[in-house]
Every structure is written in structure tokens, then in C-alpha cells.
file target_9.pdb (PDB, C-alpha atoms)
MODEL        1
ATOM      1  CA  MET H   1     -63.186  78.688  -5.392
ATOM      2  CA  THR H   2     -63.374  79.070  -9.146
ATOM      3  CA  GLU H   3     -65.715  76.983 -11.257
ATOM      4  CA  GLU H   4     -62.692  75.504 -13.012
ATOM      5  CA  ARG H   5     -61.225  74.356  -9.695
ATOM      6  CA  LYS H   6     -64.575  72.903  -8.591
ATOM      7  CA  GLU H   7     -64.829  70.952 -11.834
ATOM      8  CA  TYR H   8     -61.266  69.644 -11.432
ATOM      9  CA  LEU H   9     -62.003  68.465  -7.872
ATOM     10  CA  TYR H  10     -65.251  66.850  -8.974
ATOM     11  CA  GLN H  11     -63.505  64.963 -11.782
ATOM     12  CA  TYR H  12     -60.650  63.917  -9.481
ATOM     13  CA  GLN H  13     -63.072  62.551  -6.898
ATOM     14  CA  LYS H  14     -65.104  60.777  -9.569
ATOM     15  CA  GLU H  15     -62.018  59.086 -11.053
ATOM     16  CA  LYS H  16     -59.853  58.434  -7.981
ATOM     17  CA  LEU H  17     -62.110  58.008  -4.958
ATOM     18  CA  LYS H  18     -64.804  55.579  -3.894
ATOM     19  CA  ARG H  19     -67.257  56.587  -1.208
ATOM     20  CA  VAL H  20     -68.119  53.925   1.322
ATOM     21  CA  PRO H  21     -71.259  54.527   3.370
ATOM     22  CA  LEU H  22     -70.833  53.489   6.973
ATOM     23  CA  ASP H  23     -73.654  53.340   9.484
ATOM     24  CA  LEU H  24     -72.782  53.227  13.174
ATOM     25  CA  LYS H  25     -74.929  53.307  16.252
ATOM     26  CA  LYS H  26     -74.681  56.771  17.755
ATOM     27  CA  SER H  27     -73.152  55.400  20.950
ATOM     28  CA  TYR H  28     -70.437  53.577  18.971
ATOM     29  CA  TYR H  29     -69.780  56.636  16.808
ATOM     30  CA  GLU H  30     -69.162  58.639  19.976
ATOM     31  CA  LYS H  31     -66.542  56.064  21.058
ATOM     32  CA  VAL H  32     -64.834  56.266  17.676
ATOM     33  CA  ALA H  33     -64.967  60.068  17.684
ATOM     34  CA  SER H  34     -63.527  60.197  21.195
ATOM     35  CA  ALA H  35     -60.679  57.826  20.282
ATOM     36  CA  ALA H  36     -59.933  59.845  17.138
ATOM     37  CA  ASN H  37     -59.966  63.075  19.093
ATOM     38  CA  GLU H  38     -57.512  61.666  21.647
ATOM     39  CA  LYS H  39     -55.100  60.966  18.780
ATOM     40  CA  GLY H  40     -55.706  64.392  17.242
ATOM     41  CA  MET H  41     -57.324  62.837  14.189
ATOM     42  CA  SER H  42     -60.564  63.185  12.295
ATOM     43  CA  VAL H  43     -63.046  60.324  12.493
ATOM     44  CA  ASN H  44     -62.439  59.662   8.802
ATOM     45  CA  GLY H  45     -58.666  59.522   9.285
ATOM     46  CA  TYR H  46     -59.006  57.311  12.346
ATOM     47  CA  ILE H  47     -61.195  54.809  10.507
ATOM     48  CA  LYS H  48     -58.822  54.763   7.522
ATOM     49  CA  GLU H  49     -55.877  54.133   9.851
ATOM     50  CA  ALA H  50     -57.741  51.297  11.567
ATOM     51  CA  ILE H  51     -58.528  49.702   8.204
ATOM     52  CA  ASN H  52     -54.887  50.003   7.121
ATOM     53  CA  GLU H  53     -53.696  48.375  10.341
ATOM     54  CA  LYS H  54     -56.157  45.506   9.854
ATOM     55  CA  ILE H  55     -55.019  44.940   6.264
ATOM     56  CA  GLU H  56     -51.360  44.922   7.364
ATOM     57  CA  ARG H  57     -52.057  42.401  10.164
ATOM     58  CA  GLU H  58     -53.926  40.133   7.743
ATOM     59  CA  ALA H  59     -51.088  40.352   5.208
ATOM     60  CA  LEU H  60     -48.572  39.298   7.878
ATOM     61  CA  LYS H  61     -50.695  36.247   8.703
ATOM     62  CA  HIS H  62     -50.506  35.097   5.098
ATOM     63  CA  GLU H  63     -46.725  35.376   4.734
TER      64      GLU H  63
ENDMDL
END

call {"tool": "encode", "arguments": {"input": "target_9.pdb", "output": "C-alpha cells"}}
result
Amino acid sequence: MTEERKEYLYQYQKEKLKRVPLDLKKSYYEKVASAANEKGMSVNGYIKEAINEKIEREALKHE
């Protein structure tokens, strides 16, 4: 990867993304990882999907 590309990615992440630290007990992480794997997803993708589903359910409650 070129230095120019690295700099672009760094700037994009800095401007567009927010990191959210998440601590899980190892035993719970294994459950999440297993569930993600069963769906063919990464743990990150699985968690994001779960958050999206929660937000959508909450929005429906307030309609």
C-alpha cells in the first residue's frame, strides 16, 4: 500500500468513523463469535447488525 493511500485511509477514518471500545467477558465473546460464525459474519459485523436491529425496534415503538 502506498503512503498516499495510507494517508487517505487514515484521514477517512479520522473524519468518518468513531471507534467504540467494547469489553466482553471471554465466555460471552465466544458466544457472540460463535453466533456470528454461524451466520457467516465477522464479530464486528454481527454486533453492528444487532445494534441496527435494536435501533429499528425502538423506532417502531415510538411511532

call {"tool": "atom_distance", "arguments": {"input": "target_9.pdb", "atom1": "CA of Leu22 (chain H)", "atom2": "CA of Met1 (chain H)"}}
result
29.1 Å

call {"tool": "residues_around", "arguments": {"input": "target_9.pdb", "residues": "region 23-35 of chain H", "least_positions_apart": "5", "cutoff": "8 Å", "atoms": "only C-alpha atoms", "output": "PyMOL selection string"}}
result
chain H and resi 42-43+46

call {"tool": "axis_aligned_box", "arguments": {"input": "target_9.pdb", "around": "region 13-22 of chain H", "padding_each_side": "3 Å", "output": "JSON"}}
result
{"center_x": -65.6, "center_y": 58.0, "center_z": -2.0, "size_x": 17.4, "size_y": 15.1, "size_z": 24.0}

call {"tool": "atom_distance", "arguments": {"input": "target_9.pdb", "atom1": "CA of Pro21 (chain H)", "atom2": "CA of Asn52 (chain H)"}}
result
17.4 Å

call {"tool": "atom_distance", "arguments": {"input": "target_9.pdb", "atom1": "CA of His62 (chain H)", "atom2": "CA of Glu49 (chain H)"}}
result
20.3 Å

call {"tool": "closest_residue", "arguments": {"input": "target_9.pdb", "among": "H:Ala36, H:Lys61, H:Glu3, H:Tyr12", "to": "Lys48 (chain H)", "atoms": "all atoms listed in the file"}}
result
H:Ala36
